[in-house]
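Data file: work11.cif. Format and content: mmCIF, C-alpha atoms and all ligand atoms.
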```cif
data_work
loop_
_atom_site.label_atom_id
_atom_site.label_comp_id
_atom_site.auth_asym_id
_atom_site.auth_seq_id
_atom_site.Cartn_x
_atom_site.Cartn_y
_atom_site.Cartn_z
CA MET J 1 -61.84 89.15 21.02
CA LEU J 2 -60.88 86.10 18.95
CA ASN J 3 -63.11 83.70 20.90
CA GLY J 4 -65.60 82.74 18.19
CA SER J 5 -66.73 79.50 16.63
CA ILE J 6 -63.95 77.19 17.83
CA CYS J 7 -64.49 78.09 21.50
CA GLU J 8 -68.23 77.49 21.24
CA LEU J 9 -67.78 74.25 19.32
CA LEU J 10 -65.26 72.85 21.81
CA GLY J 11 -66.57 74.46 25.00
CA ILE J 12 -63.25 76.15 25.78
CA ASP J 13 -62.29 79.74 26.72
CA TYR J 14 -59.32 80.37 24.38
CA PRO J 15 -59.12 79.10 20.78
CA VAL J 16 -55.92 77.15 21.37
CA ILE J 17 -55.35 73.43 20.93
CA GLN J 18 -52.25 71.91 22.46
CA GLY J 19 -50.29 69.93 19.89
CA GLY J 20 -50.44 66.16 20.27
CA MET J 21 -46.71 65.52 20.65
CA ALA J 22 -45.76 61.83 20.86
CA TRP J 23 -44.08 60.88 24.20
CA VAL J 24 -44.59 64.50 25.36
CA SER J 25 -48.32 65.21 25.50
CA ASP J 26 -49.38 63.12 28.49
CA ALA J 27 -52.20 63.56 31.00
CA GLY J 28 -50.20 66.08 33.06
CA LEU J 29 -49.72 68.52 30.18
CA ALA J 30 -53.18 67.96 28.69
CA ALA J 31 -54.94 68.55 32.03
CA ALA J 32 -52.92 71.74 32.65
CA VAL J 33 -53.87 73.18 29.26
CA SER J 34 -57.54 72.23 29.58
CA LYS J 35 -57.72 73.67 33.11
CA ALA J 36 -56.25 76.91 31.75
CA GLY J 37 -59.07 77.21 29.20
CA GLY J 38 -57.45 75.72 26.09
CA LEU J 39 -57.91 72.23 24.68
CA GLY J 40 -55.36 69.87 26.23
CA VAL J 41 -54.51 66.88 24.05
CA ILE J 42 -53.09 63.47 24.93
CA ALA J 43 -50.83 62.13 22.17
CA ALA J 44 -51.10 58.40 21.56
CA GLY J 45 -48.00 58.34 19.35
CA ASN J 46 -46.94 54.70 19.05
CA ALA J 47 -48.13 53.86 22.59
CA PRO J 48 -50.33 50.83 23.32
CA PRO J 49 -54.04 51.44 24.01
CA GLU J 50 -53.58 50.48 27.69
CA TRP J 51 -51.27 53.48 28.27
CA VAL J 52 -53.61 55.79 26.36
CA SER J 53 -56.59 54.56 28.37
CA GLU J 54 -54.73 55.31 31.62
CA GLN J 55 -53.90 58.84 30.45
CA ILE J 56 -57.55 59.50 29.58
CA ASP J 57 -58.58 58.43 33.10
CA LEU J 58 -55.83 60.61 34.60
CA VAL J 59 -57.04 63.72 32.76
CA ARG J 60 -60.61 63.04 33.89
CA GLU J 61 -59.39 62.76 37.51
CA GLN J 62 -57.89 66.26 37.22
CA THR J 63 -60.56 68.19 35.31
CA ASP J 64 -64.10 68.12 33.96
CA LYS J 65 -63.11 70.35 31.05
CA PRO J 66 -62.99 69.08 27.48
CA PHE J 67 -59.78 67.48 26.20
CA GLY J 68 -58.58 65.74 23.07
CA LEU J 69 -56.81 62.57 21.98
CA ASN J 70 -54.37 62.67 19.06
CA VAL J 71 -54.27 59.48 16.99
CA MET J 72 -50.97 59.12 15.11
CA LEU J 73 -52.04 57.21 12.02
CA LEU J 74 -48.62 55.67 11.26
CA SER J 75 -48.67 53.86 14.60
CA PRO J 76 -49.14 50.06 14.56
CA ASN J 77 -51.68 50.70 17.35
CA ALA J 78 -53.68 53.34 15.44
CA LYS J 79 -56.71 51.10 14.92
CA ASP J 80 -56.97 50.09 18.58
CA VAL J 81 -56.42 53.65 19.78
CA ALA J 82 -59.07 54.88 17.33
CA GLU J 83 -61.53 52.39 18.84
CA LEU J 84 -60.53 53.43 22.36
CA ALA J 85 -61.53 57.03 21.55
CA CYS J 86 -65.07 55.67 21.00
CA THR J 87 -65.29 53.42 24.06
CA LYS J 88 -63.86 56.12 26.34
CA ARG J 89 -66.08 58.81 24.78
CA VAL J 90 -63.17 61.18 24.24
CA PRO J 91 -64.62 64.66 23.59
CA VAL J 92 -62.28 65.56 20.69
CA VAL J 93 -60.17 63.39 18.40
CA THR J 94 -57.32 64.94 16.41
CA THR J 95 -55.27 62.93 13.93
CA GLY J 96 -51.84 63.24 12.36
CA ALA J 97 -49.52 61.69 9.80
CA GLY J 98 -52.14 60.32 7.42
CA ASP J 99 -55.68 60.13 6.14
CA PRO J 100 -58.18 59.19 8.91
CA SER J 101 -61.14 58.63 6.53
CA GLN J 102 -61.77 55.02 7.62
CA TYR J 103 -62.38 56.04 11.26
CA ILE J 104 -64.49 59.17 10.93
CA SER J 105 -67.99 57.66 10.95
CA ARG J 106 -67.13 55.54 14.04
CA TRP J 107 -65.92 58.62 15.90
CA LYS J 108 -68.92 60.70 14.86
CA ASN J 109 -71.35 57.93 15.90
CA ALA J 110 -69.63 57.79 19.29
CA GLY J 111 -70.22 61.54 19.72
CA CYS J 112 -66.61 62.70 19.33
CA LEU J 113 -65.71 65.97 17.64
CA VAL J 114 -63.18 65.20 14.92
CA ALA J 115 -60.34 67.46 13.77
CA PRO J 116 -57.72 66.02 11.41
CA VAL J 117 -54.33 67.64 10.97
CA VAL J 118 -53.70 68.12 7.26
CA ALA J 119 -50.67 69.28 5.33
CA SER J 120 -52.46 69.87 2.00
CA ARG J 121 -55.62 71.39 0.59
CA ALA J 122 -56.68 68.14 -1.10
CA LEU J 123 -56.96 66.14 2.13
CA ALA J 124 -58.86 69.00 3.81
CA VAL J 125 -61.47 68.94 1.02
CA ILE J 126 -61.84 65.14 1.22
CA LEU J 127 -62.20 65.18 5.00
CA GLN J 128 -64.81 67.94 4.91
CA LYS J 129 -66.90 65.59 2.72
CA ARG J 130 -66.38 62.78 5.24
CA GLY J 131 -67.97 64.89 7.97
CA VAL J 132 -65.16 66.17 10.21
CA ASP J 133 -65.95 69.13 12.47
CA PHE J 134 -62.98 71.37 11.75
CA ILE J 135 -59.58 71.23 10.10
CA ILE J 136 -56.14 71.78 11.60
CA ALA J 137 -53.82 73.02 8.82
CA GLU J 138 -50.21 72.42 9.85
CA GLY J 139 -47.42 74.19 7.99
CA SER J 140 -43.86 72.94 7.69
CA GLU J 141 -42.54 75.29 10.39
CA ALA J 142 -43.92 72.72 12.82
CA GLY J 143 -41.80 70.18 14.67
CA GLY J 144 -41.89 66.44 14.13
CA HIS J 145 -43.39 64.91 10.99
CA ILE J 146 -44.20 67.66 8.49
CA GLY J 147 -45.59 68.28 5.01
CA GLU J 148 -44.14 70.52 2.28
CA LEU J 149 -46.15 73.73 2.59
CA THR J 150 -45.58 76.63 4.92
CA THR J 151 -48.25 77.88 7.31
CA MET J 152 -48.33 81.17 5.36
CA VAL J 153 -49.54 79.41 2.19
CA LEU J 154 -51.32 76.30 3.52
CA VAL J 155 -53.65 78.08 5.96
CA PRO J 156 -55.22 80.62 3.54
CA ASN J 157 -55.45 77.93 0.85
CA VAL J 158 -57.35 75.57 3.17
CA VAL J 159 -59.49 78.47 4.48
CA ARG J 160 -60.63 79.32 0.93
CA SER J 161 -61.25 75.65 0.06
CA VAL J 162 -63.49 74.48 2.92
CA LYS J 163 -66.52 75.86 4.75
CA LEU J 164 -65.40 74.45 8.09
CA PRO J 165 -63.44 76.45 10.67
CA VAL J 166 -59.68 76.12 10.19
CA VAL J 167 -57.13 76.05 13.01
CA ALA J 168 -53.60 77.12 12.07
CA ALA J 169 -50.57 75.15 13.21
CA GLY J 170 -46.83 75.41 12.63
CA GLY J 171 -44.81 78.38 13.89
CA ILE J 172 -47.40 79.72 16.32
CA CYS J 173 -45.89 80.58 19.69
CA ASP J 174 -46.81 84.11 20.85
CA ALA J 175 -49.35 86.93 20.47
CA GLN J 176 -47.74 88.11 17.23
CA THR J 177 -47.96 84.72 15.52
CA VAL J 178 -51.49 84.19 16.92
CA ALA J 179 -52.50 87.51 15.34
CA ALA J 180 -50.85 86.40 12.07
CA ALA J 181 -52.81 83.13 12.10
CA PHE J 182 -56.09 85.02 12.50
CA CYS J 183 -55.05 87.39 9.67
CA LEU J 184 -54.65 84.28 7.47
CA GLY J 185 -58.27 83.37 8.16
CA ALA J 186 -57.78 80.82 10.94
CA LYS J 187 -60.36 80.62 13.73
CA GLY J 188 -57.93 79.12 16.20
CA VAL J 189 -54.37 77.96 16.69
CA GLN J 190 -52.62 74.74 17.56
CA VAL J 191 -49.45 75.22 19.60
CA GLY J 192 -46.89 72.49 20.19
CA THR J 193 -43.34 73.75 20.66
CA ARG J 194 -44.21 76.52 23.13
CA PHE J 195 -45.90 73.93 25.39
CA LEU J 196 -42.62 71.97 25.48
CA LEU J 197 -41.58 74.79 27.83
CA ALA J 198 -44.66 74.50 30.05
CA LYS J 199 -43.84 73.85 33.69
CA GLU J 200 -46.30 70.95 33.55
CA CYS J 201 -44.57 69.40 30.52
CA ALA J 202 -42.58 66.40 31.80
CA VAL J 203 -39.86 66.21 29.10
CA HIS J 204 -36.25 65.83 30.32
CA GLU J 205 -34.58 69.09 31.39
CA GLU J 206 -32.01 68.65 28.59
CA TYR J 207 -34.89 68.77 26.06
CA LYS J 208 -36.18 72.03 27.52
CA ALA J 209 -32.64 73.48 27.64
CA ARG J 210 -32.18 72.71 23.94
CA VAL J 211 -35.44 74.41 22.99
CA ILE J 212 -34.46 77.44 25.07
CA LYS J 213 -31.04 77.81 23.46
CA ALA J 214 -32.13 76.96 19.89
CA ARG J 215 -31.23 79.49 17.20
CA ASP J 216 -33.11 79.80 13.89
CA ILE J 217 -30.44 77.74 12.08
CA ASP J 218 -30.63 74.90 14.62
CA SER J 219 -33.83 73.49 13.07
CA LYS J 220 -33.23 70.66 10.59
CA VAL J 221 -35.47 68.48 8.44
CA THR J 222 -34.35 64.84 8.37
CA GLY J 223 -35.52 61.71 6.59
CA ARG J 224 -36.95 63.28 3.43
CA VAL J 225 -36.13 60.14 1.41
CA THR J 226 -38.36 58.01 3.67
CA GLY J 227 -41.42 60.02 2.58
CA HIS J 228 -41.88 61.02 6.22
CA PRO J 229 -39.72 64.10 6.79
CA VAL J 230 -39.22 65.03 10.43
CA ARG J 231 -38.10 68.39 11.84
CA ILE J 232 -35.71 68.10 14.77
CA LEU J 233 -33.13 70.29 16.50
CA ARG J 234 -29.49 70.08 15.41
CA SER J 235 -27.71 67.24 17.26
CA PRO J 236 -25.26 64.39 16.63
CA LEU J 237 -28.24 62.25 15.55
CA ALA J 238 -29.42 64.94 13.11
CA ARG J 239 -25.92 64.98 11.59
CA LYS J 240 -25.87 61.16 11.22
CA LEU J 241 -29.34 61.15 9.67
CA ALA J 242 -28.19 63.75 7.11
CA GLN J 243 -25.10 61.66 6.33
CA VAL J 244 -26.96 58.43 5.57
CA GLU J 245 -29.84 60.09 3.73
CA TYR J 246 -28.34 59.54 0.28
CA GLU J 247 -26.37 56.35 0.98
CA GLU J 248 -27.38 52.91 -0.21
CA ASP J 249 -30.16 51.40 1.93
CA ALA J 250 -30.88 54.91 3.26
CA VAL J 251 -34.44 54.16 4.34
CA LYS J 252 -33.40 51.15 6.41
CA LYS J 253 -30.49 53.04 7.99
CA LEU J 254 -32.71 56.04 8.78
CA GLU J 255 -35.30 53.76 10.36
CA MET J 256 -32.67 52.12 12.54
CA LEU J 257 -31.27 55.46 13.72
CA GLY J 258 -34.77 56.85 14.28
CA GLU J 259 -36.10 53.87 16.22
CA GLY J 260 -36.68 54.90 19.84
CA SER J 261 -34.84 58.19 19.34
CA LEU J 262 -37.73 60.46 20.39
CA GLN J 263 -38.29 58.48 23.58
CA ARG J 264 -34.56 58.70 24.36
CA ALA J 265 -34.68 62.51 24.00
CA VAL J 266 -37.90 62.97 25.98
CA GLN J 267 -37.15 60.58 28.86
CA CYS J 268 -33.34 60.51 29.10
CA GLY J 269 -32.27 63.76 27.41
CA ASP J 270 -29.91 61.54 25.34
CA LYS J 271 -27.56 64.09 23.72
CA GLU J 272 -25.95 61.60 21.30
CA SER J 273 -28.80 59.56 19.88
CA GLY J 274 -31.94 61.41 21.00
CA SER J 275 -34.25 63.09 18.51
CA PHE J 276 -35.25 66.50 19.88
CA MET J 277 -38.31 67.30 17.78
CA ALA J 278 -39.28 70.99 17.83
CA GLY J 279 -40.71 73.57 15.48
CA GLN J 280 -38.77 76.42 13.88
CA CYS J 281 -40.24 78.78 16.46
CA ALA J 282 -38.00 77.22 19.14
CA CYS J 283 -35.74 80.20 18.38
CA LEU J 284 -38.51 82.58 19.48
CA ILE J 285 -39.12 81.14 22.95
CA ASP J 286 -36.87 81.02 25.98
CA ARG J 287 -38.80 80.64 29.23
CA ILE J 288 -40.34 77.83 31.25
CA GLN J 289 -43.78 78.97 32.43
CA PRO J 290 -47.03 77.45 33.70
CA ALA J 291 -49.37 76.48 30.83
CA ALA J 292 -51.90 79.05 32.07
CA GLU J 293 -49.33 81.84 31.74
CA ILE J 294 -48.41 80.69 28.21
CA ILE J 295 -52.08 80.85 27.17
CA ALA J 296 -52.52 84.27 28.79
CA GLU J 297 -49.55 85.56 26.77
CA LEU J 298 -50.76 84.03 23.49
CA PHE J 299 -54.06 85.87 23.87
CA ASP J 300 -52.84 89.00 25.68
CA GLU J 301 -55.58 91.33 24.51
CA THR J 302 -53.62 94.56 24.89
CA ARG J 303 -50.72 93.09 22.93
CA LEU J 304 -53.01 91.72 20.18
CA ARG J 305 -54.71 95.12 19.83
CA GLU J 306 -51.31 96.79 19.63
CA ILE J 307 -50.14 94.35 16.93
CA CYS J 308 -53.32 94.64 14.87
CA GLY J 309 -53.43 98.43 15.35
CA ARG J 310 -49.90 98.64 13.95
CA VAL J 311 -50.90 96.57 10.90
CA PHE J 312 -53.72 98.94 10.03
CA LYS J 313 -51.83 102.19 10.85
CA ASP J 314 -48.66 101.52 8.79
O1 LIG J 401 -48.14 64.05 12.76
C1 LIG J 401 -47.60 65.11 12.96
N1 LIG J 401 -46.42 65.23 13.61
C2 LIG J 401 -45.70 64.16 14.08
S1 LIG J 401 -46.15 62.53 14.03
C3 LIG J 401 -44.72 62.09 14.75
S2 LIG J 401 -44.31 60.44 15.06
C4 LIG J 401 -43.39 60.10 13.65
N2 LIG J 401 -42.08 59.93 13.81
C5 LIG J 401 -41.31 59.66 12.75
C6 LIG J 401 -41.84 59.57 11.47
C7 LIG J 401 -43.17 59.78 11.31
C8 LIG J 401 -43.96 60.04 12.41
C9 LIG J 401 -43.98 63.17 15.02
N3 LIG J 401 -44.54 64.31 14.65
N4 LIG J 401 -48.16 66.27 12.53
C10 LIG J 401 -49.34 66.26 11.77
C11 LIG J 401 -49.03 66.05 10.34
N5 LIG J 401 -49.78 65.33 9.57
N6 LIG J 401 -47.97 66.52 9.67
C12 LIG J 401 -48.08 66.09 8.39
C13 LIG J 401 -49.22 65.34 8.35
C14 LIG J 401 -49.81 64.67 7.24
C15 LIG J 401 -49.05 64.20 6.18
C16 LIG J 401 -49.67 63.53 5.13
C17 LIG J 401 -51.18 64.45 7.24
C18 LIG J 401 -51.79 63.79 6.22
C19 LIG J 401 -51.03 63.34 5.18
O2 LIG J 401 -51.73 62.72 4.21
C20 LIG J 401 -51.13 61.77 3.42
C21 LIG J 401 -52.24 60.84 3.02
O3 LIG J 401 -52.17 59.68 3.45
O4 LIG J 401 -53.17 61.31 2.36
#
```
Translate this structure into structure tokens?
Amino acid sequence: MLNGSICELLGIDYPVIQGGMAWVSDAGLAAAVSKAGGLGVIAAGNAPPEWVSEQIDLVREQTDKPFGLNVMLLSPNAKDVAELACTKRVPVVTTGAGDPSQYISRWKNAGCLVAPVVASRALAVILQKRGVDFIIAEGSEAGGHIGELTTMVLVPNVVRSVKLPVVAAGGICDAQTVAAAFCLGAKGVQVGTRFLLAKECAVHEEYKARVIKARDIDSKVTGRVTGHPVRILRSPLARKLAQVEYEEDAVKKLEMLGEGSLQRAVQCGDKESGSFMAGQCACLIDRIQPAAEIIAELFDETRLREICGRVFKD
């Protein structure tokens, strides 16, 4: 059940891609997810190519299974990391936070599968023409940098607009939301926030504690005036960001507050000035588990049958 085109295309057992979360998605998490039958993804974020190269080698030391590399297009290192994907023959490249058009032919010539994250129908249509292999449509329930549209609207709109398989992202964290994504026409899911609570995820224990205790109203979108809105959990930093948003020189002030804030949350659990990025679904999850157990729960066949059975009975 549910293991169609995406599994065959990627050579994986479950149609789940681990979100490429900057500072979070390292070789340890990616290898755990790939070993468990999903697609583990290393996030380059703003990191230099040397660090990314090391992480690729570390994944390959731990597993022969396919894995991905997420290229964050706003990074000053994006170009070098994009080239690294070719030289290291990374099986799958995902992208975020921009239009990857300029890199696609290089990646395809190097034999990579290419899956951009999009936040709008228009970019999905353009990237289909450029020859990507599938599309990841990420709704604004997601954590980190987000677009305007919700998963509920974006996913079916992209599904009806392209011929390629579509993977749904944003708000997907359990069997119920996996079933919902497939109802919207997706052929797979990308999951970020739930993997923050994987045993193999090396974020600071304070970060995990905050995700565990998050309520629905603890999710905030900051930095809208910069043109790069970011969803984070409520914190002193979130409050400061909201305060300066409409002040003079807001963009500069927001940049200064944001600088290094994700790293401080991930590595130090900095309660004052850390940026704890997480999706809205943080309020739906509350347990640290091995990645393999998370994947088993996402695709719990009995549970999925029960959920879908209920949809058609009522
Ligand atoms: O990229 C993400 N999530 C991220 S990136 C990130 S690092 C960062 N930190 C602060 C500010 C900005 C980035 C943290 N979380 N998700 C994928 C995603 N892509 N969400 C939205 C988009 C997107 C937005 C606009 C993709 C394409 C796009 O196109 C605009 C264009 O250039 O056509």
- Message: To one decimal place in Å, what is the distance between CA of Ile172 (chain J) and atom O3 of ligand LIG 401 (chain J)?
- Response: 24.3 Å
- Task: Let me have all residues with an atom within 8 Å of ligand LIG 401 (chain J), counting only C-alpha atoms and all ligand atoms, laid out as an MDAnalysis selection string.
- Result: chainID J and resid 20:22 45:46 72:75 95:99 116:120 123 138:140 142:147 228:230 258 262 277
- Message: To one decimal place in Å, what is the distance between CA of Glu200 (chain J) and CA of Gln18 (chain J)?
- Response: 12.6 Å
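Straight-line separation from CA of Cys308 (chain J) to CA of Val153 (chain J): 20.2 Å.
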- Task: Kindly extract all protein, DNA and RNA residues lying within 12 Å of the coordinates (-34.4, 76.9, 10.4) given in the file, considering all atoms listed in the file, and supply them as number ranges by chain.
- Result: J: 140-143, 171, 214-221, 231-234, 278-284
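Among J:Gln267, J:Ala27, J:Gly19, J:Lys108, the residue with the shortest atom-to-atom distance to Val167 (chain J), counting only C-alpha atoms, is J:Gly19.
If all atoms listed in the file are the atoms counted, then among J:Ala124, J:Ile136, J:Ile56, J:Val311 the closest residue to Ala186 (chain J) is J:Ile136.
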I want to know what sits within 8 Å of Asp286 (chain J), based on only C-alpha atoms, with residues of the same chain fewer than 4 positions away left out; could you give that as an mmCIF file with C-alpha atoms, keeping the file's coordinate frame?
```cif
data_model
loop_
_atom_site.group_PDB
_atom_site.id
_atom_site.type_symbol
_atom_site.label_atom_id
_atom_site.label_comp_id
_atom_site.auth_asym_id
_atom_site.auth_seq_id
_atom_site.Cartn_x
_atom_site.Cartn_y
_atom_site.Cartn_z
ATOM 1 C CA VAL J 211 -35.440 74.410 22.990
ATOM 2 C CA ILE J 212 -34.460 77.440 25.070
ATOM 3 C CA LYS J 213 -31.040 77.810 23.460
ATOM 4 C CA ALA J 282 -38.000 77.220 19.140
#
```
Do a neighbour search on Val162 (chain J) at 9 Å with only C-alpha atoms, toss out local chain neighbours closer than 6 positions, and write the hits as a short mmCIF file (atom, residue, chain, number, x, y, z; two decimals) with C-alpha atoms, in the coordinates of the input.
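Result saved to result.cif:
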```cif
data_model
loop_
_atom_site.label_atom_id
_atom_site.label_comp_id
_atom_site.auth_asym_id
_atom_site.auth_seq_id
_atom_site.Cartn_x
_atom_site.Cartn_y
_atom_site.Cartn_z
CA ARG J 121 -55.62 71.39 0.59
CA ALA J 124 -58.86 69.00 3.81
CA VAL J 125 -61.47 68.94 1.02
CA GLN J 128 -64.81 67.94 4.91
CA ILE J 135 -59.58 71.23 10.10
#
```
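Nearest residue to Gly131 (chain J), choosing from J:Leu164, J:Val244, J:Ala209, J:Ala110 and counting only C-alpha atoms: J:Leu164.
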- Message: When you count all atoms listed in the file, which of these residues is closest to Cys183 (chain J): J:Val251, J:Leu304, J:Ala265, J:Ile126?
- Response: J:Leu304
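Minimum distance to Ala175 (chain J) across J:Val203, J:Ala296, J:Ala44, J:Ala242 (counting only C-alpha atoms) occurs at J:Ala296.
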Can you fill out region 72-81 of chain J with all heavy atoms and hand it back as a PDB file, in the coordinates of the input?
```pdb
ATOM      1  N   MET J  72     -52.053  59.042  16.101  1.00  0.00           N
ATOM      2  CA  MET J  72     -50.970  59.120  15.110  1.00  0.00           C
ATOM      3  C   MET J  72     -51.159  57.941  14.156  1.00  0.00           C
ATOM      4  O   MET J  72     -50.999  56.777  14.534  1.00  0.00           O
ATOM      5  CB  MET J  72     -49.628  59.054  15.833  1.00  0.00           C
ATOM      6  CG  MET J  72     -48.501  59.759  15.105  1.00  0.00           C
ATOM      7  SD  MET J  72     -47.817  58.788  13.782  1.00  0.00           S
ATOM      8  CE  MET J  72     -46.775  57.700  14.732  1.00  0.00           C
ATOM      9  N   LEU J  73     -51.539  58.252  12.922  1.00  0.00           N
ATOM     10  CA  LEU J  73     -52.040  57.210  12.020  1.00  0.00           C
ATOM     11  C   LEU J  73     -50.968  56.252  11.514  1.00  0.00           C
ATOM     12  O   LEU J  73     -51.297  55.174  11.015  1.00  0.00           O
ATOM     13  CB  LEU J  73     -52.814  57.858  10.869  1.00  0.00           C
ATOM     14  CG  LEU J  73     -54.091  58.594  11.345  1.00  0.00           C
ATOM     15  CD1 LEU J  73     -54.605  59.542  10.270  1.00  0.00           C
ATOM     16  CD2 LEU J  73     -55.190  57.603  11.742  1.00  0.00           C
ATOM     17  N   LEU J  74     -49.687  56.605  11.668  1.00  0.00           N
ATOM     18  CA  LEU J  74     -48.620  55.670  11.260  1.00  0.00           C
ATOM     19  C   LEU J  74     -48.337  54.625  12.334  1.00  0.00           C
ATOM     20  O   LEU J  74     -47.581  53.690  12.114  1.00  0.00           O
ATOM     21  CB  LEU J  74     -47.322  56.445  10.978  1.00  0.00           C
ATOM     22  CG  LEU J  74     -47.271  57.312   9.724  1.00  0.00           C
ATOM     23  CD1 LEU J  74     -45.993  58.163   9.717  1.00  0.00           C
ATOM     24  CD2 LEU J  74     -47.305  56.432   8.482  1.00  0.00           C
ATOM     25  N   SER J  75     -48.935  54.791  13.502  1.00  0.00           N
ATOM     26  CA  SER J  75     -48.670  53.860  14.600  1.00  0.00           C
ATOM     27  C   SER J  75     -49.273  52.480  14.318  1.00  0.00           C
ATOM     28  O   SER J  75     -50.390  52.378  13.805  1.00  0.00           O
ATOM     29  CB  SER J  75     -49.283  54.406  15.895  1.00  0.00           C
ATOM     30  OG  SER J  75     -49.371  53.384  16.872  1.00  0.00           O
ATOM     31  N   PRO J  76     -48.549  51.407  14.698  1.00  0.00           N
ATOM     32  CA  PRO J  76     -49.140  50.060  14.560  1.00  0.00           C
ATOM     33  C   PRO J  76     -50.377  49.900  15.442  1.00  0.00           C
ATOM     34  O   PRO J  76     -51.188  49.012  15.213  1.00  0.00           O
ATOM     35  CB  PRO J  76     -48.012  49.128  15.014  1.00  0.00           C
ATOM     36  CG  PRO J  76     -47.004  49.986  15.710  1.00  0.00           C
ATOM     37  CD  PRO J  76     -47.169  51.387  15.196  1.00  0.00           C
ATOM     38  N   ASN J  77     -50.521  50.772  16.447  1.00  0.00           N
ATOM     39  CA  ASN J  77     -51.680  50.700  17.350  1.00  0.00           C
ATOM     40  C   ASN J  77     -52.818  51.638  16.958  1.00  0.00           C
ATOM     41  O   ASN J  77     -53.785  51.778  17.718  1.00  0.00           O
ATOM     42  CB  ASN J  77     -51.243  51.030  18.788  1.00  0.00           C
ATOM     43  CG  ASN J  77     -50.241  50.021  19.330  1.00  0.00           C
ATOM     44  OD1 ASN J  77     -50.454  48.824  19.200  1.00  0.00           O
ATOM     45  ND2 ASN J  77     -49.161  50.503  19.906  1.00  0.00           N
ATOM     46  N   ALA J  78     -52.705  52.298  15.805  1.00  0.00           N
ATOM     47  CA  ALA J  78     -53.680  53.340  15.440  1.00  0.00           C
ATOM     48  C   ALA J  78     -55.126  52.827  15.503  1.00  0.00           C
ATOM     49  O   ALA J  78     -56.011  53.500  16.035  1.00  0.00           O
ATOM     50  CB  ALA J  78     -53.363  53.902  14.061  1.00  0.00           C
ATOM     51  N   LYS J  79     -55.340  51.636  14.978  1.00  0.00           N
ATOM     52  CA  LYS J  79     -56.710  51.100  14.920  1.00  0.00           C
ATOM     53  C   LYS J  79     -57.293  50.910  16.322  1.00  0.00           C
ATOM     54  O   LYS J  79     -58.446  51.281  16.586  1.00  0.00           O
ATOM     55  CB  LYS J  79     -56.686  49.759  14.169  1.00  0.00           C
ATOM     56  CG  LYS J  79     -57.972  49.464  13.469  1.00  0.00           C
ATOM     57  CD  LYS J  79     -57.868  48.207  12.642  1.00  0.00           C
ATOM     58  CE  LYS J  79     -59.265  47.927  12.137  1.00  0.00           C
ATOM     59  NZ  LYS J  79     -59.409  47.702  10.775  1.00  0.00           N
ATOM     60  N   ASP J  80     -56.502  50.331  17.203  1.00  0.00           N
ATOM     61  CA  ASP J  80     -56.970  50.090  18.580  1.00  0.00           C
ATOM     62  C   ASP J  80     -57.174  51.395  19.339  1.00  0.00           C
ATOM     63  O   ASP J  80     -58.128  51.540  20.107  1.00  0.00           O
ATOM     64  CB  ASP J  80     -55.972  49.208  19.343  1.00  0.00           C
ATOM     65  CG  ASP J  80     -55.909  47.802  18.764  1.00  0.00           C
ATOM     66  OD1 ASP J  80     -56.894  47.381  18.128  1.00  0.00           O
ATOM     67  OD2 ASP J  80     -54.873  47.135  18.936  1.00  0.00           O
ATOM     68  N   VAL J  81     -56.273  52.352  19.117  1.00  0.00           N
ATOM     69  CA  VAL J  81     -56.420  53.650  19.780  1.00  0.00           C
ATOM     70  C   VAL J  81     -57.655  54.377  19.243  1.00  0.00           C
ATOM     71  O   VAL J  81     -58.393  55.019  20.001  1.00  0.00           O
ATOM     72  CB  VAL J  81     -55.141  54.503  19.604  1.00  0.00           C
ATOM     73  CG1 VAL J  81     -55.346  55.921  20.096  1.00  0.00           C
ATOM     74  CG2 VAL J  81     -53.963  53.866  20.332  1.00  0.00           C
TER      75      VAL J  81
END
```
